[in-house]
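S.K.: Contents of entry.csv (CSV, C-alpha atoms) are given next:
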chain,number,residue,atom,x,y,z
A,1498,MET,CA,73.1,-7.5,98.4
A,1499,SER,CA,74.0,-8.2,102.0
A,1500,GLU,CA,73.9,-6.2,105.1
A,1501,HIS,CA,77.2,-4.6,106.2
A,1502,THR,CA,79.3,-6.9,108.3
A,1503,SER,CA,82.3,-6.2,110.4
A,1504,ASP,CA,83.8,-9.7,109.8
A,1505,PRO,CA,87.2,-9.0,108.1
A,1506,ASN,CA,87.2,-12.4,106.5
A,1507,GLU,CA,83.9,-11.9,104.7
A,1508,ARG,CA,84.1,-10.2,101.3
A,1509,PRO,CA,81.9,-7.1,100.8
A,1510,THR,CA,79.7,-7.0,97.8
A,1511,ALA,CA,81.5,-3.9,96.3
A,1512,SER,CA,84.8,-2.1,96.6
A,1513,ILE,CA,84.7,1.5,95.4
A,1514,VAL,CA,88.3,2.5,94.4
A,1515,ILE,CA,89.0,6.2,94.2
A,1516,PRO,CA,92.5,7.4,93.3
A,1517,VAL,CA,93.2,10.8,95.0
A,1518,TYR,CA,96.0,13.3,94.4
A,1519,ASN,CA,96.0,16.8,95.9
A,1520,GLU,CA,92.3,16.8,96.7
A,1521,GLU,CA,92.3,18.5,100.1
A,1522,ALA,CA,89.6,20.9,99.0
A,1523,LEU,CA,87.2,18.2,97.9
A,1524,LEU,CA,88.0,15.0,99.7
A,1525,GLN,CA,86.1,15.2,103.0
A,1526,THR,CA,82.9,16.6,101.5
A,1527,ALA,CA,82.9,14.1,98.6
A,1528,VAL,CA,83.4,11.0,100.8
A,1529,HIS,CA,80.8,12.1,103.3
A,1530,ASP,CA,78.3,12.8,100.5
A,1531,LEU,CA,79.1,9.5,98.9
A,1532,ILE,CA,78.5,7.6,102.1
A,1533,VAL,CA,75.2,9.4,102.7
A,1534,ARG,CA,73.9,8.8,99.2
A,1535,LEU,CA,74.9,5.1,99.4
A,1536,SER,CA,73.0,4.7,102.7
A,1537,GLU,CA,70.0,6.3,101.1
A,1538,GLU,CA,70.0,4.8,97.6
A,1539,LEU,CA,71.7,1.4,98.2
A,1540,PRO,CA,70.9,0.7,101.9
A,1541,GLN,CA,71.5,-3.0,101.6
A,1542,LEU,CA,74.9,-2.8,99.9
A,1543,ASP,CA,77.9,-4.1,101.8
A,1544,TYR,CA,80.8,-2.0,100.5
A,1545,GLU,CA,84.2,-0.5,101.2
A,1546,ILE,CA,85.7,2.7,99.9
A,1547,LEU,CA,89.4,2.5,99.0
A,1548,LEU,CA,91.1,5.9,98.8
A,1549,THR,CA,94.3,5.3,96.9
A,1550,GLU,CA,96.3,8.4,97.6
A,1551,ASN,CA,99.4,8.9,95.5
A,1552,GLY,CA,102.1,11.5,96.0
A,1553,SER,CA,99.9,14.4,97.2
A,1554,THR,CA,101.8,17.5,98.3
A,1555,ASP,CA,98.9,19.0,100.2
A,1556,ASP,CA,97.0,17.6,103.2
A,1557,THR,CA,95.1,14.9,101.2
A,1558,LEU,CA,96.8,12.0,102.9
A,1559,GLU,CA,96.2,13.3,106.4
A,1560,LEU,CA,92.6,14.0,105.6
A,1561,ALA,CA,92.2,10.6,104.1
A,1562,TYR,CA,93.5,8.9,107.3
A,1563,GLY,CA,91.1,11.0,109.2
A,1564,LEU,CA,88.2,9.6,107.1
A,1565,GLU,CA,89.6,6.1,107.7
A,1566,ARG,CA,89.5,6.6,111.4
A,1567,LYS,CA,86.0,8.1,111.3
A,1568,HIS,CA,84.3,5.6,108.9
A,1569,GLU,CA,84.8,1.8,109.2
A,1570,ARG,CA,84.1,1.4,105.5
A,1571,VAL,CA,87.0,3.6,104.4
A,1572,ARG,CA,90.5,2.3,103.8
A,1573,VAL,CA,93.5,4.3,102.7
A,1574,LEU,CA,96.3,3.1,100.5
A,1575,HIS,CA,99.3,5.4,100.2
A,1576,SER,CA,101.9,5.5,97.5
A,1577,PRO,CA,104.7,8.2,97.5
A,1578,GLU,CA,104.7,8.8,93.7
A,1579,PRO,CA,102.0,10.7,91.8
A,1580,ASN,CA,100.8,7.9,89.4
A,1581,TYR,CA,97.1,7.6,88.7
A,1582,GLY,CA,97.3,4.3,86.9
A,1583,ARG,CA,99.5,2.6,89.5
A,1584,ALA,CA,97.2,3.9,92.3
A,1585,LEU,CA,94.1,2.6,90.4
A,1586,ARG,CA,95.8,-0.8,89.8
A,1587,ARG,CA,96.8,-1.1,93.4
A,1588,GLY,CA,93.3,-0.3,94.6
A,1589,ILE,CA,91.9,-3.0,92.3
A,1590,LEU,CA,94.4,-5.6,93.5
A,1591,GLU,CA,93.8,-4.9,97.1
A,1592,ALA,CA,90.0,-4.5,96.9
A,1593,ARG,CA,88.1,-7.1,98.9
A,1594,GLY,CA,84.8,-6.8,97.1
A,1595,ILE,CA,83.2,-9.2,94.7
A,1596,TYR,CA,82.7,-6.3,92.4
A,1597,VAL,CA,85.1,-3.3,91.9
A,1598,LEU,CA,83.7,0.1,91.1
A,1599,CYS,CA,86.4,2.6,89.9
A,1600,ASP,CA,85.2,6.2,90.6
A,1601,GLU,CA,86.7,9.7,90.7
A,1602,ILE,CA,86.6,11.9,93.7
A,1603,ASP,CA,85.0,14.8,91.7
A,1604,ILE,CA,82.3,12.5,90.3
A,1605,CYS,CA,81.2,9.9,93.0
A,1606,ASP,CA,78.3,8.8,90.8
A,1607,VAL,CA,75.9,6.6,92.9
A,1608,ASP,CA,73.5,6.4,89.9
A,1609,PHE,CA,76.3,4.7,87.9
A,1610,HIS,CA,77.0,2.4,90.9
A,1611,LYS,CA,73.3,1.3,90.9
A,1612,ARG,CA,73.1,0.7,87.2
A,1613,ALA,CA,76.5,-1.1,87.0
A,1614,LEU,CA,75.8,-3.3,90.0
A,1615,GLY,CA,72.4,-4.2,88.5
A,1616,LEU,CA,74.0,-5.4,85.3
A,1617,LEU,CA,76.8,-7.2,87.1
A,1618,THR,CA,74.7,-9.0,89.7
A,1619,ALA,CA,72.3,-10.1,86.9
A,1620,ASP,CA,75.3,-11.4,85.0
A,1621,GLN,CA,74.5,-9.3,82.0
A,1622,ALA,CA,78.0,-7.9,81.9
A,1623,ASP,CA,81.6,-8.6,83.0
A,1624,MET,CA,82.5,-4.9,82.9
A,1625,VAL,CA,80.4,-1.7,82.8
A,1626,VAL,CA,81.9,1.5,81.6
A,1627,GLY,CA,80.4,4.9,82.4
A,1628,SER,CA,80.8,6.7,79.1
A,1629,LYS,CA,81.1,10.5,78.8
A,1630,ALA,CA,81.0,10.1,75.0
A,1631,HIS,CA,77.9,7.9,74.7
A,1632,LYS,CA,75.2,9.4,72.5
A,1633,ASP,CA,72.9,9.7,75.5
A,1634,ALA,CA,75.6,11.1,77.9
A,1635,ASN,CA,75.5,14.7,79.2
A,1636,ASP,CA,79.1,16.0,79.4
A,1637,GLN,CA,79.0,19.5,80.9
A,1638,ARG,CA,82.7,19.9,81.2
A,1639,PRO,CA,84.5,22.8,79.4
A,1640,LEU,CA,85.0,22.5,75.7
A,1641,MET,CA,88.8,21.8,75.9
A,1642,ARG,CA,88.2,18.8,78.2
A,1643,ARG,CA,85.5,17.4,76.0
A,1644,ALA,CA,87.7,17.8,73.0
A,1645,GLY,CA,90.5,16.1,74.8
A,1646,THR,CA,88.3,13.1,75.4
A,1647,THR,CA,87.3,13.0,71.8
A,1648,VAL,CA,90.9,13.1,70.6
A,1649,ILE,CA,92.1,10.4,72.9
A,1650,ASN,CA,89.2,8.1,72.2
A,1651,GLY,CA,89.8,8.6,68.5
A,1652,MET,CA,93.5,7.7,68.8
A,1653,LEU,CA,92.5,4.5,70.7
A,1654,ARG,CA,90.2,3.5,68.0
A,1655,VAL,CA,92.7,4.2,65.2
A,1656,PHE,CA,95.8,2.7,66.8
A,1657,LEU,CA,94.3,0.0,69.1
A,1658,GLY,CA,91.1,-1.0,67.4
A,1659,PHE,CA,88.9,0.2,70.3
A,1660,LYS,CA,85.3,-0.3,69.5
A,1661,GLY,CA,83.6,1.6,72.3
A,1662,THR,CA,83.1,5.3,73.1
A,1663,ASP,CA,85.1,5.9,76.3
A,1664,THR,CA,87.7,4.1,78.5
A,1665,HIS,CA,88.7,6.6,81.2
A,1666,GLY,CA,86.8,7.3,84.3
A,1667,LEU,CA,83.9,5.3,85.7
A,1668,LYS,CA,84.0,1.5,85.4
A,1669,ALA,CA,82.8,-1.5,87.3
A,1670,PHE,CA,83.6,-5.2,86.9
A,1671,HIS,CA,83.6,-8.6,88.5
A,1672,LYS,CA,87.0,-8.7,90.2
A,1673,ASP,CA,87.9,-12.3,89.9
A,1674,ARG,CA,87.0,-12.5,86.3
A,1675,LEU,CA,88.9,-9.4,85.3
A,1676,LEU,CA,92.1,-9.9,87.4
A,1677,PRO,CA,93.9,-11.8,84.6
A,1678,VAL,CA,93.4,-8.7,82.4
A,1679,VAL,CA,94.8,-6.4,85.0
A,1680,SER,CA,97.9,-8.6,85.4
A,1681,ARG,CA,98.7,-8.3,81.7
A,1682,CYS,CA,98.5,-4.5,81.5
A,1683,ILE,CA,101.9,-2.9,80.7
A,1684,VAL,CA,101.4,0.8,81.2
A,1685,ASP,CA,100.4,2.8,84.2
A,1686,LYS,CA,99.9,6.6,84.7
A,1687,ASP,CA,97.2,8.0,82.4
A,1688,LEU,CA,96.6,5.1,80.1
A,1689,PHE,CA,96.3,2.2,82.5
A,1690,ALA,CA,92.5,2.5,82.6
A,1691,SER,CA,92.3,2.7,78.8
A,1692,GLU,CA,94.5,-0.4,78.4
A,1693,PHE,CA,92.4,-2.3,80.9
A,1694,VAL,CA,89.1,-1.6,79.0
A,1695,ILE,CA,90.7,-2.3,75.6
A,1696,ARG,CA,92.2,-5.6,76.7
A,1697,ALA,CA,88.9,-6.7,78.2
A,1698,GLU,CA,87.2,-5.9,75.0
A,1699,ARG,CA,89.8,-7.7,72.9
A,1700,ASP,CA,89.5,-10.8,75.2
A,1701,ALA,CA,85.8,-10.9,74.4
A,1702,TYR,CA,84.6,-10.0,77.9
A,1703,ARG,CA,81.1,-8.5,77.9
A,1704,VAL,CA,81.9,-4.8,78.2
A,1705,VAL,CA,78.7,-2.7,78.4
A,1706,GLU,CA,78.6,1.1,78.2
A,1707,VAL,CA,76.1,3.2,80.0
A,1708,PRO,CA,75.8,7.0,79.6
A,1709,ILE,CA,76.6,9.3,82.5
A,1710,VAL,CA,76.1,12.9,83.4
A,1711,ILE,CA,79.4,14.7,84.3
A,1712,ALA,CA,80.2,18.3,85.3
A,1713,GLU,CA,83.5,19.8,86.3
A,1714,LYS,CA,83.7,20.5,90.0
A,1715,ARG,CA,87.3,21.8,90.0
A,1716,PRO,CA,90.2,22.2,87.5
A,1717,PRO,CA,92.1,19.1,86.5
A,1718,SER,CA,94.6,18.1,89.2
A,1719,ILE,CA,97.1,16.9,86.6
A,1720,ASN,CA,99.1,19.3,84.4
A,1721,LEU,CA,97.9,18.8,80.9
A,1722,GLY,CA,101.3,20.0,79.5
A,1723,LYS,CA,103.0,17.0,81.2
A,1724,ARG,CA,100.1,14.6,80.6
A,1725,VAL,CA,100.0,14.8,76.8
A,1726,PRO,CA,103.6,13.6,76.2
A,1727,ARG,CA,103.1,10.7,78.6
A,1728,VAL,CA,99.8,9.7,76.9
A,1729,LEU,CA,101.5,9.7,73.5
A,1730,LYS,CA,104.5,7.7,74.8
A,1731,ASP,CA,102.2,5.1,76.4
A,1732,LEU,CA,100.0,4.9,73.3
A,1733,ALA,CA,103.0,4.1,71.2
A,1734,LYS,CA,104.1,1.5,73.7
A,1735,LEU,CA,100.6,-0.1,73.7
A,1736,THR,CA,100.3,0.0,69.9
A,1737,TRP,CA,103.6,-1.8,69.5
A,1738,ALA,CA,102.8,-4.4,72.1
A,1739,ILE,CA,99.2,-5.1,71.1
A,1740,ARG,CA,99.0,-4.5,67.4
A,1741,PHE,CA,102.5,-5.4,66.1
A,1742,ARG,CA,103.9,-7.9,68.6
A,1743,GLY,CA,100.5,-9.4,69.3
A,1744,ARG,CA,101.1,-9.2,73.0
A,1745,GLN,CA,97.7,-10.0,74.3
Can you turn what I pasted into structure tokens?

M.R.:
Amino acid sequence: MSEHTSDPNERPTASIVIPVYNEEALLQTAVHDLIVRLSEELPQLDYEILLTENGSTDDTLELAYGLERKHERVRVLHSPEPNYGRALRRGILEARGIYVLCDEIDICDVDFHKRALGLLTADQADMVVGSKAHKDANDQRPLMRRAGTTVINGMLRVFLGFKGTDTHGLKAFHKDRLLPVVSRCIVDKDLFASEFVIRAERDAYRVVEVPIVIAEKRPPSINLGKRVPRVLKDLAKLTWAIRFRGRQ
């Protein structure tokens, strides 16, 4: 892993993509702590942080731009519409790194970054998924959120033949290898991340799961009453495209 360079034409080793929506209470502290931990635990890592802000109605965007001005490693991508999947996809497409690490602002798991980069740089995986549902994971979130993860993963297994334990949240991958998979994804919003992992699995990429520790730092920023119908609609769309039409 190389030293940090200011040469804009040289690719960093890693791009950390973090979609953010209405995160004014958490954003500055989380990014600062992430940068400090990376400097302590991965001091040789050349990286960038992409904050993909999407449709925030609070001061998230202004705070993100402030972080961009303060830290040369931080870049901000702004989209006017609240759309997690589209923000994540854009971050992946605009990432400059050889490896892309998709994180969440309320997680920022440097331990996952270390394990994932170890597997990727040793060419032992094409994609690494940080699983909340792995048998060795420690999911400290409230019961309803854990139950929601179980239900969604169960539906993905039944309807889409998913063989793993988790699709949503932390993941890392070799950008150039996985870009063709990103380009074929047909949903955005909540299920883009799940479709991405499932298509990679179906295309026989080496998808490796590692257990993570996760605790809830704040209530969900997305209204669950609005989220569930969207998830069901996109799940039906994916099932039709992948299982019935064979749209790989």

S.K.: A:Arg1696, A:Lys1730, A:Lys1668, A:Arg1638: which is nearest A:Ser1680, counting all atoms listed in the file?

M.R.: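 Residue with the minimum atom-to-atom distance to A:Ser1680: A:Arg1696.
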
S.K.: Compile a residue-level contact table for stretch 1528-1553 of chain A against stretch 1516-1523 of chain A at a cut-off of 12 Å, reporting for every qualifying residue the shortest atom pair and its distance in Å to one decimal, with all atoms listed in the file counted, rows ordered by chain and ascending number, as JSON lines.

M.R.:
{"residue": "A:Val1528", "atom": "CA", "partner": "A:Leu1523", "partner_atom": "CA", "distance": 8.6}
{"residue": "A:His1529", "atom": "CA", "partner": "A:Leu1523", "partner_atom": "CA", "distance": 10.4}
{"residue": "A:Asp1530", "atom": "CA", "partner": "A:Leu1523", "partner_atom": "CA", "distance": 10.7}
{"residue": "A:Leu1531", "atom": "CA", "partner": "A:Leu1523", "partner_atom": "CA", "distance": 11.9}
{"residue": "A:Ile1546", "atom": "CA", "partner": "A:Pro1516", "partner_atom": "CA", "distance": 10.6}
{"residue": "A:Leu1547", "atom": "CA", "partner": "A:Pro1516", "partner_atom": "CA", "distance": 8.1}
{"residue": "A:Leu1548", "atom": "CA", "partner": "A:Pro1516", "partner_atom": "CA", "distance": 5.9}
{"residue": "A:Thr1549", "atom": "CA", "partner": "A:Pro1516", "partner_atom": "CA", "distance": 4.5}
{"residue": "A:Glu1550", "atom": "CA", "partner": "A:Val1517", "partner_atom": "CA", "distance": 4.7}
{"residue": "A:Asn1551", "atom": "CA", "partner": "A:Tyr1518", "partner_atom": "CA", "distance": 5.7}
{"residue": "A:Gly1552", "atom": "CA", "partner": "A:Tyr1518", "partner_atom": "CA", "distance": 6.6}
{"residue": "A:Ser1553", "atom": "CA", "partner": "A:Asn1519", "partner_atom": "CA", "distance": 4.8}

S.K.: Would you compute the distance between atom CA of A:Ala1644 and atom CA of A:Ala1733? Give it in Å to one decimal.

M.R.: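 Atom CA of A:Ala1644 sits 20.6 Å away from atom CA of A:Ala1733.
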
S.K.: Can you work out which one of A:His1665, A:Lys1686, A:Lys1629, A:His1610 has the shortest atom-to-atom distance to A:Pro1579, counting only C-alpha atoms?

M.R.: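 The closest residue to A:Pro1579 is A:Lys1686.
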
S.K.: Could you pull the residues within 10 Å of A:Leu1675, counting only C-alpha atoms, minus those fewer than 3 positions along the same chain, as a PDB file with C-alpha atoms, in the frame of the given file?

M.R.:
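Result file follows (part.pdb):
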ATOM      1  CA  ILE A1589      91.900  -3.000  92.300  1.00  0.00           C
ATOM      2  CA  TYR A1596      82.700  -6.300  92.400  1.00  0.00           C
ATOM      3  CA  VAL A1597      85.100  -3.300  91.900  1.00  0.00           C
ATOM      4  CA  ASP A1623      81.600  -8.600  83.000  1.00  0.00           C
ATOM      5  CA  MET A1624      82.500  -4.900  82.900  1.00  0.00           C
ATOM      6  CA  PHE A1670      83.600  -5.200  86.900  1.00  0.00           C
ATOM      7  CA  HIS A1671      83.600  -8.600  88.500  1.00  0.00           C
ATOM      8  CA  LYS A1672      87.000  -8.700  90.200  1.00  0.00           C
ATOM      9  CA  VAL A1678      93.400  -8.700  82.400  1.00  0.00           C
ATOM     10  CA  VAL A1679      94.800  -6.400  85.000  1.00  0.00           C
ATOM     11  CA  SER A1680      97.900  -8.600  85.400  1.00  0.00           C
ATOM     12  CA  PHE A1693      92.400  -2.300  80.900  1.00  0.00           C
ATOM     13  CA  ARG A1696      92.200  -5.600  76.700  1.00  0.00           C
ATOM     14  CA  ALA A1697      88.900  -6.700  78.200  1.00  0.00           C
ATOM     15  CA  TYR A1702      84.600 -10.000  77.900  1.00  0.00           C
TER      16      TYR A1702
END

S.K.: Just give me the gap between atom CA of A:Ala1669 and atom CA of A:Val1626 in Å, one decimal is fine.

M.R.: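 Answer for the atom CA of A:Ala1669 to atom CA of A:Val1626 separation: 6.5 Å.
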
S.K.: Report as number ranges by chain all protein, DNA and RNA residues lying within 9 Å of A:Glu1538, evaluated on all atoms listed in the file, omitting residues in the same chain fewer than 4 positions from it.

M.R.: A: 1533-1534, 1607-1608, 1611

S.K.: Hey, what's within 12 Å of A:Arg1654 if we count all atoms listed in the file and toss same-chain stuff fewer than 5 positions away? As a ChimeraX atom specification, please?

M.R.: /A:1647-1649,1659-1664,1691-1692,1695,1732,1736,1740

S.K.: Looking at all atoms listed in the file, which of A:Leu1616, A:Leu1657, A:Leu1688, A:Ile1515 is the one that sits closest to A:Val1704?

M.R.: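 The answer is A:Leu1616, which sits nearest to A:Val1704.
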
S.K.: Expressed in Å to a single decimal, how great is the separation between atom CA of A:Ala1622 and atom CA of A:Ile1709?

M.R.: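 Answer for the atom CA of A:Ala1622 to atom CA of A:Ile1709 separation: 17.3 Å.
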
S.K.: Using all atoms listed in the file for the distances, tell me which of A:Arg1715, A:Tyr1581, A:Asn1650, A:Tyr1544 is nearest to A:His1631.

M.R.: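 Of all the options, A:Asn1650 lies closest to A:His1631.
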